[in-house]
Amino acid sequence: MSTAPTTGPTAPVSRASIGEIATIAFAVALGALALGLAVARTPDAPALRWVADGAAGVAAVALLGLRRRRPVLVAVLVVAASTFCSAVLGAVFVAVVSLATTRRWWPVAGVGVLFVASTMVDEVTGDASRQWWAQAVIVVTVYAACVGLGAYQGSRRELVEALNERALAAEREQTARVEQAKVAERTRIAREMHDVLAHRISLVAMNAGVLAFRPDLPPDQVAAAAGVVRDNANLALVELKQVLGVLRSSDLEAGASVPDRPQPTLADVDDLALEAVDAGTPVRVEVDAATREHLPGLPGQLSRDGYRIVQEALTNARKHAAGAQVVVGIEGAPGGLLTVEVRNAPGSASGHHQIEGGRMGLVGIAERARLAGGQLEHGPDGRGGYVLRTVLPWPEGDS
């Protein structure tokens with residue numbers, strides 16, 4: 001079975017190999033040139049000396065393979081060998097440049113002293129009339145040039161690595177932001193779906209339970225309960241399609257958009273209460289005149305959150321205290337706090353069929369309150385009933 005060749009990592013490996021080959025070729029060529037010049041200067045020297053010199057050059061070039069892991073050791077060995085062998089000159093330059101890329105200046109200075117000393121040993125021990133100090137200046141200049149080249153390469157290498165790491169970090173952050181946005185959108189859609197469907201399905205379940213457990217109901221009450229089941233089932237289907245339309249909007253072509261469906265607001269709380277009353281839950285809405293005057297101008301998201309909180313609270317009351325009186329209280333003013341309180345009287349466990357709940361309603365209300373910068377309080381009211389109070393900040397000014 002044949003496999004397709006991979007092309008991803010090939011280019012970086014090839015560039016590194018080419019650079020390494022070029023470096024070794026430079027060291028070999030310079031060492032060979034230095035050895036040739038030494039042979040030309042002293043033609044009477046024994047051939048065995050030049051053989052040993054060449055072998056030392058080959059060993060020094062082989063030692064360069066360790067220059068990145070042991071830069072100080074390699075530099076010291078090849079520089080020391082250059083005192084007696086000409087063929088290691090190319091390896092010396094490569095080792096010094098490699099050591100300078102680490103930018104550890106004490107080892108660089110120490111190797112520099114050794115480099116100058118090993119290069120000047122013949123000048124100092126030879127004819128004193130020669131201007132050895134001029135040769136020393138040249139040697140120091142050459143060494144400084146190698147160090148500068150190595151420091152530049154090290155700095156550039158670190159810069160490239162830092163830029164690569166920054167690009168990878170930015171890519172990871174972007175990926176994380178995309179995933180967070182997806183999770184947040186899914187959570188929002190799930191919360192909307194729960195708030196919408198839980199309200200409708202609870203009405204269906206409660207009235208279906210009445211029909212199942214009360215076969216002795218008069219025909220008009222049976223028809224009314226069946227009508228509630230039918231209407232809320234149809235509404236549940238419509239609202240489910242609307243929520244799923246948001247999910248499918250990602251499949252549209254670029255530039256296309258799906259208009260947001262109109263969302264109910266806290267100004268529609270009376271209609272919500274009428275729906276609950278028609279379904280058999282007595283609900284009374286208490287809003288003072290000053291607050292009701294400002295409800296139409298409530299900021300959009302805050303108004304929608306308030307509506308969904310009341311809707312979920314009514315659903316919970318219908319589930320756990322069927323038939324009990326529910327009082328919805330709303331108060332507040334711009335620049336202050338919006339307080340939404342839903343209180344239900346004790347329910348009768350035998351009066352109506354109890355509806356099973358997923359225990360996610362309060363979690364959804366708490367999350368809405370947290371995202372809006374408010375807080376939720378709920379629990380028994382001490383008289384057998386239950387109270388749910390949400391306090392949300394009401395910004396100054398209309399939406």
# chains A, B, ... in the order shown; residues from 1 in each chain; ligands from 1
>>> residues_around(residues="Ala345 of chain A", least_positions_apart="4", cutoff="7 Å", atoms="only C-alpha atoms", output="PyMOL selection string")
chain A and resi 324-326+384-386
>>> write_last_selection(atoms="C-alpha atoms", output="tab-separated table (two decimals), in the first residue's frame")
chain	number	residue	atom	x	y	z
A	324	ALA	CA	-52.01	28.11	43.74
A	325	GLN	CA	-52.40	31.89	43.59
A	326	VAL	CA	-49.34	33.58	42.04
A	384	GLY	CA	-45.99	27.43	52.98
A	385	GLY	CA	-45.47	29.28	49.73
A	386	TYR	CA	-42.42	30.09	47.68
>>> residues_around(residues="Gly36 of chain A", least_positions_apart="3", cutoff="12 Å", atoms="only C-alpha atoms", output="list of chain:residue names")
A:Ala29, A:Leu30, A:Gly31, A:Ala32, A:Leu33, A:Val39, A:Ala40, A:Arg41, A:Thr42, A:Pro43, A:Trp50, A:Val51, A:Asp53, A:Gly54, A:Cys85, A:Ser86, A:Ala87, A:Leu89
>>> residues_around(residues="segment 329-341 of chain A", least_positions_apart="5", cutoff="6 Å", atoms="only C-alpha atoms", output="list in words")
Glu286, Val287, Thr291, Leu388, Arg389, Thr390, Val391, Leu392, Pro393, Trp394, Pro395 and Glu396 of chain A
>>> residues_around(residues="Pro296 of chain A", least_positions_apart="6", cutoff="9 Å", atoms="only C-alpha atoms", output="MDAnalysis selection string")
chainID A and resid 265:267 303 398
>>> closest_residue(among="A:Ala60, A:Ala313, A:Ala273, A:Leu240", to="Leu362 of chain A", atoms="only C-alpha atoms")
A:Ala313
>>> closest_residue(among="A:Arg156, A:Arg200, A:Arg191, A:Arg370", to="Ala279 of chain A", atoms="only C-alpha atoms")
A:Arg200
>>> select_by_dssp(residues="segment 167-392 of chain A", states="alpha helix (DSSP H)", output="count of residues only")
125
>>> residues_around(residues="Val327 of chain A", least_positions_apart="3", cutoff="6 Å", atoms="only C-alpha atoms", output="MDAnalysis selection string")
chainID A and resid 283:285 342:343
>>> write_last_selection(atoms="C-alpha atoms", output="PDB file, in the first residue's frame")
ATOM      1  CA  VAL A 283     -52.004  35.120  38.437  1.00  0.00           C
ATOM      2  CA  ARG A 284     -52.110  38.739  39.599  1.00  0.00           C
ATOM      3  CA  VAL A 285     -49.640  41.322  38.315  1.00  0.00           C
ATOM      4  CA  VAL A 342     -42.890  36.098  41.884  1.00  0.00           C
ATOM      5  CA  ARG A 343     -44.633  34.669  44.943  1.00  0.00           C
TER       6      ARG A 343
END
